[in-house]
Amino acid sequence: MRENRLYTDVKGSRSIATVLLCALCLIVCSAVLPERPPTKKGDPKRVYLIHADELRYDKFKNNGAQVLTGKVEFEHDGARLFCDSANFFEDDNCFEAWGHVKMLQGDTLSLVSDQGFYNGQKQVMEAHENVVLIHRKTRLETNNLIYERPFNIGYFENNGTLYDNNTVLKSEWGEYHTDTKMAMFYFSVDMVEKDKGRQKMHLTTDSLYYDTRTKRAHIVGPSNIVSGKSHIYSESGYYSSNTEISILLKPSRLENQGRTLVGDSIWHNGKSGVSEAFRNVVYQDPTNKYTMKCDYGHYEDSIGYAVCTDKALAIDYSQRDTLWVHGDTIKMFSFNHDTDSVYRVLHAYNKVRAYRVDVQAVCDSLVYSTLDSCMTMYGDPITWNMNQQLVGDRIDVFMKDSVIDHAHVIGNAFSIEKLPKEKCYNQVSSREMFAFFTDGHIHEAQAKDNVVTVYYPEEKGDSSYVGLVYMETNEMRVFMDSVGKMSRIWTPKADGTMYPMSQIPPAKRELDGFAWYDYVRPLNKDDVFIWRGKKREEKEK
């Protein structure tokens with residue numbers, strides 16, 4: 001019995017000692033290992049340490065971080081993170097990393113740097129020094145980058161460079177969205193596009209959105225684009241590096257070899273040199289001294305071709321006096337475009353009105369060539385010079401030394417000179433007619449074939465009229481004095497009658513087809529836009 005009791009006492013003592021030893025071990029362990037919140041296996045919110053060659057831990061050093069060295073690897077919610085060494089703050093679910101820091105997300109995104117800090121709670125990676133973000137074929141380089149995984153955004157605030165195929169984009173501050181593949185760059189933005197190593201396009205601005213999928217840049221601030229020989233300024237619009245097409249909004253300006261195109265909006269193809277402009281359009285060529293204005297324009301700079309419609313106006317100031325031409329449609333053709341002997345031909349269609357100080361015109365269509373300084377009018381043309389009016393089937397007006405030199409009227413020619421006395425007009429009608437000018441004033445008129453005239457000769461030394469002369473002949477030359485008054489008439493043979501002023505038959509005062517169209521005459525450069533057609537009864541004539 002004693003032996004059994006002794007065995008029981010010894011056994012009980014060993015049990016107590018074992019319990020005390022376990023309690024002591026728990027106390028020691030609690031002093032060495034940090035307290036950790038319970039985690040579930042596979043919890044996506046936790047940062048997991050996958051591998052490290054060496055792990056050291058001292059609760060009172062490194063702010064309680066686990067010090068990891070040698071091929072360190074973490075995993076967090078589908079992302080893998082690597083570095084040479086790290087301080088792992090497991091309780092805070094974050095770590096600091098040094099040396100060959102890399103974050104891989106799927107097989108499309110990698111972020112490398114020399115240093116980094118990863119916050120698992122916010123899923124944010126802060127990369128520092130020699131940062132490179134690669135997303136598919138797009139590469140972003142900077143020194144400091146913050147990448148927010150929940151929003152798929154990487155942004156920098158101290159200069160960055162984005163490489164996308166042949167496009168290089170730089171700025172002081174910017175963002176790159178990996179979900180939409182959109183880059184948003186601000187402050188000192190510089191975009192260069194290269195082709196076979198040579199610069200093809202250069203864009204500078206303060207704000208730019210660039211879509212790496214469509215290769216399209218969205219201009220959202222004052223911007224300058226240099227592409228080939230073209231220089232574009234715009235404050236809003238789009239530029240596609242694939243097609244070299246620019247869509248410019250707000251008032252924008254396009255320059256090419258000295259020529260300038262301005263409009264509320266412009267479409268420009270850099271490859272073909274074709275442009276279209278809309279509303280408040282102004283096309284200027286200072287070298288050749290002409291301007292075109294309209295609300296819609298089509299331009300081809302490579303061949304010097306332009307078309308204007310909707311309030312179309314052509315202004316030629318290559319001569320001493322400026323010529324203003326308006327029509328429903330105006331076309332400009334340039335010849336010998338790339339030589340010093342360039343000249344232009346202007347075509348105007350439908351309801352054409354032209355104004356110059358020394359000559360005004362109205363017709364259905366007009367052609368003006370700077371090669372011979374000739375303005376040809378078709379479709380019921382009318383021209384005026386001072387108190388002279390010319391009408392015919394076709395009228396050619398030639399300029400010389402910046403002033404009108406002579407005019408040629410072909411078919412149904414009719415010349416009218418309005419006299420100071422009311423309802424008195426000198427008139428000549430014929431098949432063909434010429435008018436010659438000196439210093440912008442008519443000094444001689446020639447009429448040929450079926451010539452019919454009525455005119456009022458004046459008393460010598462007096463401005464009173466002798467009477468009215470009605471004459472028919474085959475050829476006539478009329479000479480004017482320095483102020484444009486008829487001084488004498490020459491004709492080889494004529495049949496005519498002279499009527500005293502008091503005995504003029506009313507039917508003889510006006511030739512068949514007579515009409516004075518002064519009410520449709522352009523009065524100034526602004527009046528060319530106001531169309532005034534002929535009266536019905538005169539149109540029938």
# chains A, B, ... in the order shown; residues from 1 in each chain; ligands from 1
>>> residues_around(residues="A:Thr161", least_positions_apart="2", cutoff="7 Å", atoms="only C-alpha atoms", output="number ranges by chain")
A: 140-142, 163, 168-171
>>> select_by_dssp(residues="stretch 484-538 of chain A", states="strand (DSSP E or B)", output="number ranges by chain")
A: 486-490, 494-500
>>> write_last_selection(atoms="N, CA and C atoms", output="mmCIF file, in the first residue's frame")
data_model
loop_
_atom_site.group_PDB
_atom_site.id
_atom_site.type_symbol
_atom_site.label_atom_id
_atom_site.label_comp_id
_atom_site.auth_asym_id
_atom_site.auth_seq_id
_atom_site.Cartn_x
_atom_site.Cartn_y
_atom_site.Cartn_z
ATOM 1 N N MET A 486 -17.500 112.270 -123.438
ATOM 2 C CA MET A 486 -17.267 112.024 -124.856
ATOM 3 C C MET A 486 -16.759 113.303 -125.526
ATOM 4 N N SER A 487 -15.604 113.198 -126.202
ATOM 5 C CA SER A 487 -15.026 114.373 -126.869
ATOM 6 C C SER A 487 -15.217 114.309 -128.378
ATOM 7 N N ARG A 488 -15.084 113.118 -128.977
ATOM 8 C CA ARG A 488 -15.308 113.009 -130.418
ATOM 9 C C ARG A 488 -15.593 111.564 -130.783
ATOM 10 N N ILE A 489 -16.150 111.398 -131.998
ATOM 11 C CA ILE A 489 -16.507 110.083 -132.515
ATOM 12 C C ILE A 489 -15.913 109.923 -133.915
ATOM 13 N N TRP A 490 -15.373 108.738 -134.152
ATOM 14 C CA TRP A 490 -14.881 108.424 -135.494
ATOM 15 C C TRP A 490 -15.611 107.198 -136.020
ATOM 16 N N ALA A 494 -21.535 106.213 -141.944
ATOM 17 C CA ALA A 494 -22.657 106.081 -141.020
ATOM 18 C C ALA A 494 -23.899 106.732 -141.577
ATOM 19 N N ASP A 495 -25.027 106.193 -141.149
ATOM 20 C CA ASP A 495 -26.334 106.794 -141.429
ATOM 21 C C ASP A 495 -26.904 107.249 -140.105
ATOM 22 N N GLY A 496 -27.322 108.509 -140.063
ATOM 23 C CA GLY A 496 -27.819 108.975 -138.788
ATOM 24 C C GLY A 496 -28.684 110.204 -138.910
ATOM 25 N N THR A 497 -29.270 110.532 -137.765
ATOM 26 C CA THR A 497 -30.161 111.684 -137.681
ATOM 27 C C THR A 497 -29.872 112.409 -136.380
ATOM 28 N N MET A 498 -29.946 113.749 -136.448
ATOM 29 C CA MET A 498 -29.780 114.545 -135.240
ATOM 30 C C MET A 498 -31.079 115.235 -134.913
ATOM 31 N N TYR A 499 -31.509 115.118 -133.651
ATOM 32 C CA TYR A 499 -32.763 115.715 -133.195
ATOM 33 C C TYR A 499 -32.439 116.824 -132.193
ATOM 34 N N PRO A 500 -33.021 118.004 -132.384
ATOM 35 C CA PRO A 500 -32.870 119.057 -131.377
ATOM 36 C C PRO A 500 -33.427 118.586 -130.040
#
>>> atom_distance(atom1="atom CA of A:Met103", atom2="atom CA of A:Met125")
8.5 Å
>>> closest_residue(among="A:Val220, A:Met476, A:Ala361, A:Ala314", to="A:His326", atoms="only C-alpha atoms")
A:Ala314
>>> closest_residue(among="A:Leu371, A:Leu523, A:Ala515, A:Ile245", to="A:Lys535", atoms="only C-alpha atoms")
A:Ala515
>>> residues_around(residues="A:Arg149", least_positions_apart="4", cutoff="7 Å", atoms="only C-alpha atoms", output="PyMOL selection string")
chain A and resi 123-124+153
>>> residues_around(residues="A:Val362", least_positions_apart="5", cutoff="12 Å", atoms="only C-alpha atoms", output="short mmCIF file (atom, residue, chain, number, x, y, z; two decimals) with N, CA and C atoms, in the first residue's frame")
data_model
loop_
_atom_site.label_atom_id
_atom_site.label_comp_id
_atom_site.auth_asym_id
_atom_site.auth_seq_id
_atom_site.Cartn_x
_atom_site.Cartn_y
_atom_site.Cartn_z
N TRP A 324 -12.47 92.42 -104.35
CA TRP A 324 -13.32 91.62 -103.47
C TRP A 324 -14.32 90.88 -104.36
N VAL A 325 -14.38 89.56 -104.25
CA VAL A 325 -15.28 88.75 -105.07
C VAL A 325 -16.09 87.83 -104.16
N HIS A 326 -17.41 87.87 -104.35
CA HIS A 326 -18.30 86.98 -103.59
C HIS A 326 -19.14 86.15 -104.54
N GLY A 327 -19.39 84.91 -104.18
CA GLY A 327 -20.27 84.03 -104.94
C GLY A 327 -20.71 82.89 -104.06
N ALA A 348 -15.52 81.71 -109.59
CA ALA A 348 -16.65 82.02 -108.72
C ALA A 348 -17.93 81.68 -109.46
N TYR A 349 -18.89 81.06 -108.73
CA TYR A 349 -20.10 80.56 -109.36
C TYR A 349 -21.34 81.09 -108.64
N ASN A 350 -22.35 81.40 -109.43
CA ASN A 350 -23.69 81.71 -108.94
C ASN A 350 -23.73 82.99 -108.10
N LYS A 351 -24.48 83.97 -108.66
CA LYS A 351 -24.71 85.24 -107.97
C LYS A 351 -23.40 85.90 -107.56
N VAL A 352 -22.54 86.06 -108.55
CA VAL A 352 -21.21 86.63 -108.29
C VAL A 352 -21.28 88.15 -108.26
N ARG A 353 -20.64 88.74 -107.27
CA ARG A 353 -20.54 90.19 -107.17
C ARG A 353 -19.08 90.52 -106.84
N ALA A 354 -18.53 91.48 -107.58
CA ALA A 354 -17.13 91.87 -107.40
C ALA A 354 -17.02 93.37 -107.23
N TYR A 355 -16.07 93.78 -106.39
CA TYR A 355 -15.89 95.22 -106.15
C TYR A 355 -14.40 95.56 -106.11
N ARG A 356 -14.05 96.58 -106.86
CA ARG A 356 -12.77 97.26 -106.78
C ARG A 356 -13.06 98.73 -106.91
N MET A 375 -9.95 89.22 -115.75
CA MET A 375 -11.18 88.81 -115.08
C MET A 375 -12.24 88.60 -116.16
N THR A 376 -12.68 87.35 -116.33
CA THR A 376 -13.67 87.00 -117.35
C THR A 376 -14.99 86.69 -116.68
N MET A 377 -16.07 87.30 -117.22
CA MET A 377 -17.40 87.13 -116.63
C MET A 377 -18.36 86.50 -117.64
N TYR A 378 -19.14 85.53 -117.15
CA TYR A 378 -20.11 84.82 -117.98
C TYR A 378 -21.49 84.92 -117.33
N GLY A 379 -22.50 84.65 -118.12
CA GLY A 379 -23.86 84.59 -117.57
C GLY A 379 -24.39 85.94 -117.19
N ASP A 380 -24.87 86.71 -118.20
CA ASP A 380 -25.48 88.00 -117.95
C ASP A 380 -24.56 88.94 -117.16
N PRO A 381 -23.33 89.16 -117.66
CA PRO A 381 -22.39 90.00 -116.90
C PRO A 381 -22.66 91.48 -117.08
N ILE A 382 -22.36 92.24 -116.03
CA ILE A 382 -22.43 93.70 -116.05
C ILE A 382 -21.20 94.23 -115.33
N THR A 383 -20.56 95.23 -115.93
CA THR A 383 -19.44 95.90 -115.26
C THR A 383 -19.67 97.41 -115.27
N TRP A 384 -19.08 98.07 -114.27
CA TRP A 384 -19.20 99.51 -114.16
C TRP A 384 -17.82 100.13 -113.92
N GLN A 389 -21.30 101.86 -117.95
CA GLN A 389 -21.82 100.51 -117.74
C GLN A 389 -21.63 99.70 -119.01
N LEU A 390 -21.14 98.46 -118.86
CA LEU A 390 -20.96 97.54 -119.99
C LEU A 390 -21.71 96.26 -119.70
N VAL A 391 -22.46 95.78 -120.71
CA VAL A 391 -23.12 94.48 -120.61
C VAL A 391 -22.84 93.72 -121.90
N GLY A 392 -22.99 92.39 -121.83
CA GLY A 392 -22.76 91.56 -123.00
C GLY A 392 -22.92 90.09 -122.63
N ARG A 394 -20.36 87.98 -122.78
CA ARG A 394 -19.12 87.70 -122.05
C ARG A 394 -18.31 88.99 -122.00
N ILE A 395 -17.67 89.22 -120.84
CA ILE A 395 -16.86 90.41 -120.66
C ILE A 395 -15.51 90.00 -120.08
N TYR A 517 -28.58 99.45 -114.83
CA TYR A 517 -28.65 98.52 -113.70
C TYR A 517 -27.92 99.05 -112.47
N ASP A 518 -27.91 100.31 -112.30
CA ASP A 518 -27.15 100.88 -111.19
C ASP A 518 -27.64 100.37 -109.83
N TYR A 519 -28.88 99.96 -109.75
CA TYR A 519 -29.44 99.50 -108.47
C TYR A 519 -28.89 98.13 -108.05
N VAL A 520 -28.25 97.39 -108.97
CA VAL A 520 -27.64 96.11 -108.59
C VAL A 520 -26.12 96.25 -108.44
N ARG A 521 -25.62 97.42 -108.65
CA ARG A 521 -24.17 97.66 -108.62
C ARG A 521 -23.62 97.56 -107.20
N PRO A 522 -22.53 96.81 -106.97
CA PRO A 522 -21.91 96.77 -105.64
C PRO A 522 -21.36 98.14 -105.27
N LEU A 523 -21.71 98.61 -104.09
CA LEU A 523 -21.33 99.95 -103.68
C LEU A 523 -20.02 99.98 -102.89
N ASP A 527 -20.90 95.33 -99.58
CA ASP A 527 -22.12 95.21 -100.37
C ASP A 527 -22.09 94.01 -101.31
N VAL A 528 -20.93 93.39 -101.49
CA VAL A 528 -20.86 92.23 -102.40
C VAL A 528 -21.67 91.06 -101.86
N PHE A 529 -21.96 91.05 -100.55
CA PHE A 529 -22.72 89.94 -99.97
C PHE A 529 -24.23 90.10 -100.17
N ILE A 530 -24.68 91.27 -100.57
CA ILE A 530 -26.12 91.54 -100.69
C ILE A 530 -26.52 91.41 -102.15
N TRP A 531 -27.19 90.32 -102.46
CA TRP A 531 -27.59 90.07 -103.84
C TRP A 531 -28.85 90.85 -104.18
N ARG A 532 -28.78 91.57 -105.29
CA ARG A 532 -29.93 92.29 -105.81
C ARG A 532 -30.07 91.93 -107.28
N GLY A 533 -31.10 91.19 -107.60
CA GLY A 533 -31.30 90.76 -108.98
C GLY A 533 -31.96 91.82 -109.83
N LYS A 534 -31.98 91.56 -111.13
CA LYS A 534 -32.61 92.50 -112.05
C LYS A 534 -34.13 92.50 -111.87
#
>>> residues_around(residues="A:Arg259", least_positions_apart="3", cutoff="10 Å", atoms="only C-alpha atoms", output="JSON, numbers by chain")
{"A": [230, 254, 255, 256, 283, 284, 285, 286, 287, 288, 290, 291, 301, 304]}
>>> write_last_selection(atoms="C-alpha atoms", output="mmCIF file, in the first residue's frame")
data_model
loop_
_atom_site.group_PDB
_atom_site.id
_atom_site.type_symbol
_atom_site.label_atom_id
_atom_site.label_comp_id
_atom_site.auth_asym_id
_atom_site.auth_seq_id
_atom_site.Cartn_x
_atom_site.Cartn_y
_atom_site.Cartn_z
ATOM 1 C CA SER A 230 2.400 72.055 -91.215
ATOM 2 C CA LEU A 254 -3.153 75.690 -89.430
ATOM 3 C CA GLU A 255 -0.014 77.040 -91.136
ATOM 4 C CA ASN A 256 1.757 75.528 -94.129
ATOM 5 C CA TYR A 283 -7.454 81.217 -95.564
ATOM 6 C CA GLN A 284 -4.525 83.577 -96.144
ATOM 7 C CA ASP A 285 -1.575 83.468 -98.521
ATOM 8 C CA PRO A 286 0.588 86.514 -97.702
ATOM 9 C CA THR A 287 3.222 85.526 -100.279
ATOM 10 C CA ASN A 288 0.769 85.666 -103.180
ATOM 11 C CA TYR A 290 -4.815 86.804 -101.408
ATOM 12 C CA THR A 291 -7.337 85.785 -98.759
ATOM 13 C CA ASP A 301 -1.992 72.611 -99.838
ATOM 14 C CA GLY A 304 -2.593 74.829 -103.952
#
>>> atom_distance(atom1="atom CA of A:Lys423", atom2="atom CA of A:Asp526")
29.0 Å
>>> residues_around(residues="stretch 224-229 of chain A", least_positions_apart="3", cutoff="10 Å", atoms="only C-alpha atoms", output="compact mmCIF listing (two decimals) with C-alpha atoms, in the first residue's frame")
# COMPACT_ATOMS: atom_id res chain seq x y z
CA ASP A 190 5.95 67.10 -75.03
CA MET A 191 4.84 64.43 -77.51
CA VAL A 192 7.08 63.21 -80.34
CA GLU A 193 6.17 60.68 -83.01
CA GLN A 199 10.73 62.86 -86.16
CA LYS A 200 7.38 62.93 -87.91
CA MET A 201 5.27 64.94 -85.46
CA HIS A 202 6.01 67.14 -82.45
CA LEU A 203 3.25 68.29 -80.08
CA THR A 204 3.67 70.64 -77.13
CA THR A 205 0.92 71.58 -74.70
CA ILE A 219 -5.93 68.19 -76.85
CA GLY A 221 -5.44 73.14 -73.69
CA ILE A 232 -1.17 73.60 -86.01
CA TYR A 233 -2.38 75.64 -83.05
CA SER A 234 -5.50 74.59 -81.19
CA GLU A 235 -6.96 74.62 -77.70
CA TYR A 239 -4.73 64.02 -83.26
CA GLU A 244 -2.06 61.73 -89.03
CA SER A 246 -6.29 66.18 -86.74
CA ARG A 253 -5.02 77.74 -86.82
CA LEU A 254 -3.15 75.69 -89.43
CA GLU A 255 -0.01 77.04 -91.14
CA ASN A 256 1.76 75.53 -94.13
CA GLN A 257 4.63 77.20 -95.99
CA GLY A 258 3.42 80.67 -95.06
CA GLY A 270 -1.24 65.36 -92.52
CA LYS A 271 -0.47 62.65 -95.07
CA GLY A 273 -2.29 67.78 -96.95
>>> residues_around(residues="A:Lys137", least_positions_apart="6", cutoff="10 Å", atoms="only C-alpha atoms", output="PyMOL selection string")
chain A and resi 108-109+163-165+212
